[in-house]
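Only one structure is covered here, and it is reproduced in the block below.
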Amino acid sequence: MSIQPARITKVLPDSIGVEIGFEPGDAIVSINGQKPRDLIDYQFLCSDEILELEVLDVAGETHNIEIEKEFDDDLGLEFETALFDGLIQCNNKCPFCFIDQQPPGKRETLYLKDDDYRLSFLYGSYLTLTNLSQREWDRIEKLRLSPLYVSVHATEPEVRTRLLKNSRAGQILNQFKWFQERRLQVHAQVVVCPGINDGIHLEKTLLDLAAFHAGEVPAVASVAVVPVGLTRFRPNLEELTPVSREKAREVIARVQELQEKFYREWGSHFAWLADEWFLIAQQDLPPESHYEDYPQIGNGVGSIRQFIKQFEEKANQRLPKKIGIHQNLTWVVGNAVEQAFKPLVQQLNEVEGLEVNLIALNSNYWGQEITVTGLLTGQDLLEGLQGKVLGDAIILPSLMLKANDTRFLDDMTLKSLAKQLEIKIIPVSGIEAFLDACIEE
């Protein structure tokens, strides 16, 4: 893959980048004679106190710039991508891959199969370790890129090979030994597909992974157990079956038994169940204390408990007893969190002058009966909200939208949805922004 200049999209205020005169559209070609492959190289190279930069400006002219700075000073630059030499894509054919469970004809980026160890290190995305060349393994070791986040699914070679449709998939335990020998860490995930890697296979997987949790620097720091997510667009309909209530209860019971064993041994549950298991099983979520330091929050493990805790803390600080101008708002979420969020709505409605109506939707677009908020599409919202009394405005969690964009997963825009529903829509990111939208007069 060829290395492209690192294109700047933002120069942070009061930064070295501002002092030098960098502008969005400029691009860094090299640092001290080396072309950075990615954000990791950029950060590593910028740690020197004297930097010689080759820069390509917006007009296409080349400039050579020398910078003297403190060792830990950042230049204050942001880039259009973290990868300057392109994405390392997946070479597996997992039947449960969400990328393959989407309809054709949407924006190109929705179909990129990320299996890149650099994005795993930088942002916590999951990879399978099946596509790494020796050069990349050497780089992981040299730069101490830890922790990485690894999709395991099964440790038995034949089961993992069946799931990933890749002959290299069976090497996973040897790869974890490699991490262990180098005192590098991974966080693991297991996507449970009923009839394939559940039952005794799931138990063996968790016990195999637990064997790497020992020592001062455990090679496997934590494991998330996640139910397979299926959409109506999925291929290979005969191979996968959705998780039923009975299956969810079976998995919960089996994992909780292992959690007790792990907790007795290490004082940590080590393997955690994603919140969805309890929602599907129609069982209460574990208490907030169960999740320790939330090592698998990115996998939806404890995210509901954490949200509720943070909501209550912020609400107690920020919610007034009353507001001057009456607000009637609709808060839209996925129906997976409906029961858990009802007490929060009750707390909001204790504010005099504030009326919040919770509408929890499932996704007909994806063909799901139980849907997490982030998967709701514009079409789902249009179908679910049209004809309803929605009050003065809709409050929408921005995680439904593409990052730094106003498009849903089905490419409908926020503006189009607002126009069709004939109502103001307020996208919010974070609890403070949500509370501010509720009490803003």
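The way I read the labels, and the way they are meant: chains A, B, ... in the order of the structure tokens, residue 1 as the first residue of every chain, and ligand 1 as the first ligand shown, with later ones counted on from there.
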
Shell around Gly199 (chain A) at 9 Å using only C-alpha atoms, local window under 6 positions removed, as JSON, numbers by chain: {"A": [250, 251, 254]}

Selected residues, all heavy atoms, written as a PDB file, in the first residue's frame, please.
ATOM      1  N   GLU A 250     -29.939 -19.645  29.007  1.00  0.00           N
ATOM      2  CA  GLU A 250     -28.965 -20.731  29.103  1.00  0.00           C
ATOM      3  C   GLU A 250     -27.537 -20.179  29.121  1.00  0.00           C
ATOM      4  O   GLU A 250     -26.706 -20.599  29.938  1.00  0.00           O
ATOM      5  CB  GLU A 250     -29.154 -21.682  27.916  1.00  0.00           C
ATOM      6  CG  GLU A 250     -28.120 -22.780  27.818  1.00  0.00           C
ATOM      7  CD  GLU A 250     -28.131 -23.452  26.456  1.00  0.00           C
ATOM      8  OE1 GLU A 250     -29.233 -23.757  25.955  1.00  0.00           O
ATOM      9  OE2 GLU A 250     -27.055 -23.666  25.879  1.00  0.00           O
ATOM     10  N   VAL A 251     -27.254 -19.246  28.222  1.00  0.00           N
ATOM     11  CA  VAL A 251     -25.912 -18.660  28.151  1.00  0.00           C
ATOM     12  C   VAL A 251     -25.607 -17.882  29.432  1.00  0.00           C
ATOM     13  O   VAL A 251     -24.502 -17.976  29.987  1.00  0.00           O
ATOM     14  CB  VAL A 251     -25.773 -17.759  26.910  1.00  0.00           C
ATOM     15  CG1 VAL A 251     -24.468 -16.955  26.961  1.00  0.00           C
ATOM     16  CG2 VAL A 251     -25.819 -18.595  25.635  1.00  0.00           C
ATOM     17  N   ARG A 254     -24.707 -20.282  32.228  1.00  0.00           N
ATOM     18  CA  ARG A 254     -23.403 -20.924  32.049  1.00  0.00           C
ATOM     19  C   ARG A 254     -22.261 -19.938  32.327  1.00  0.00           C
ATOM     20  O   ARG A 254     -21.290 -20.280  32.997  1.00  0.00           O
ATOM     21  CB  ARG A 254     -23.288 -21.477  30.620  1.00  0.00           C
ATOM     22  CG  ARG A 254     -22.043 -22.319  30.380  1.00  0.00           C
ATOM     23  CD  ARG A 254     -22.016 -22.874  28.972  1.00  0.00           C
ATOM     24  NE  ARG A 254     -23.011 -23.899  28.745  1.00  0.00           N
ATOM     25  CZ  ARG A 254     -22.806 -25.209  28.878  1.00  0.00           C
ATOM     26  NH1 ARG A 254     -21.622 -25.650  29.264  1.00  0.00           N
ATOM     27  NH2 ARG A 254     -23.764 -26.058  28.628  1.00  0.00           N
TER      28      ARG A 254
END

May I have the residues within 10 Å of Tyr123 (chain A) as a PDB file with C-alpha atoms, in the first residue's frame, using only C-alpha atoms and disregarding those fewer than 4 positions away in the same chain?
ATOM      1  CA  ALA A  82      -5.650   7.663  11.088  1.00  0.00           C
ATOM      2  CA  TYR A 117      -4.519  -3.772  14.227  1.00  0.00           C
ATOM      3  CA  ARG A 118      -3.749  -0.041  14.210  1.00  0.00           C
ATOM      4  CA  LEU A 119      -7.403   0.947  14.589  1.00  0.00           C
ATOM      5  CA  LEU A 148      -5.282  -4.847  21.187  1.00  0.00           C
ATOM      6  CA  TYR A 149      -8.904  -6.009  20.890  1.00  0.00           C
ATOM      7  CA  GLY A 298     -17.292  -0.703  24.089  1.00  0.00           C
TER       8      GLY A 298
END

Pick from A:Ile252, A:Val333, A:Leu390, A:Leu129, whichever lies nearest to Asn166 (chain A) using only C-alpha atoms: A:Leu129

Which of region 32-203 of chain A DSSP labels strand (DSSP E), written as a list in words: Ile50, Leu51, Glu52, Leu53, Glu54, Val55, Leu56, Thr62, His63, Asn64, Ile65, Glu66, Ile67, Glu68, Leu77, Glu78, Phe79, Leu148, Tyr149, Val150, Ser151, Val186, His187, Ala188, Gln189, Val190, Val191 and Val192 of chain A

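Between CA of Leu51 (chain A) and CA of Pro36 (chain A) the separation is 13.1 Å.
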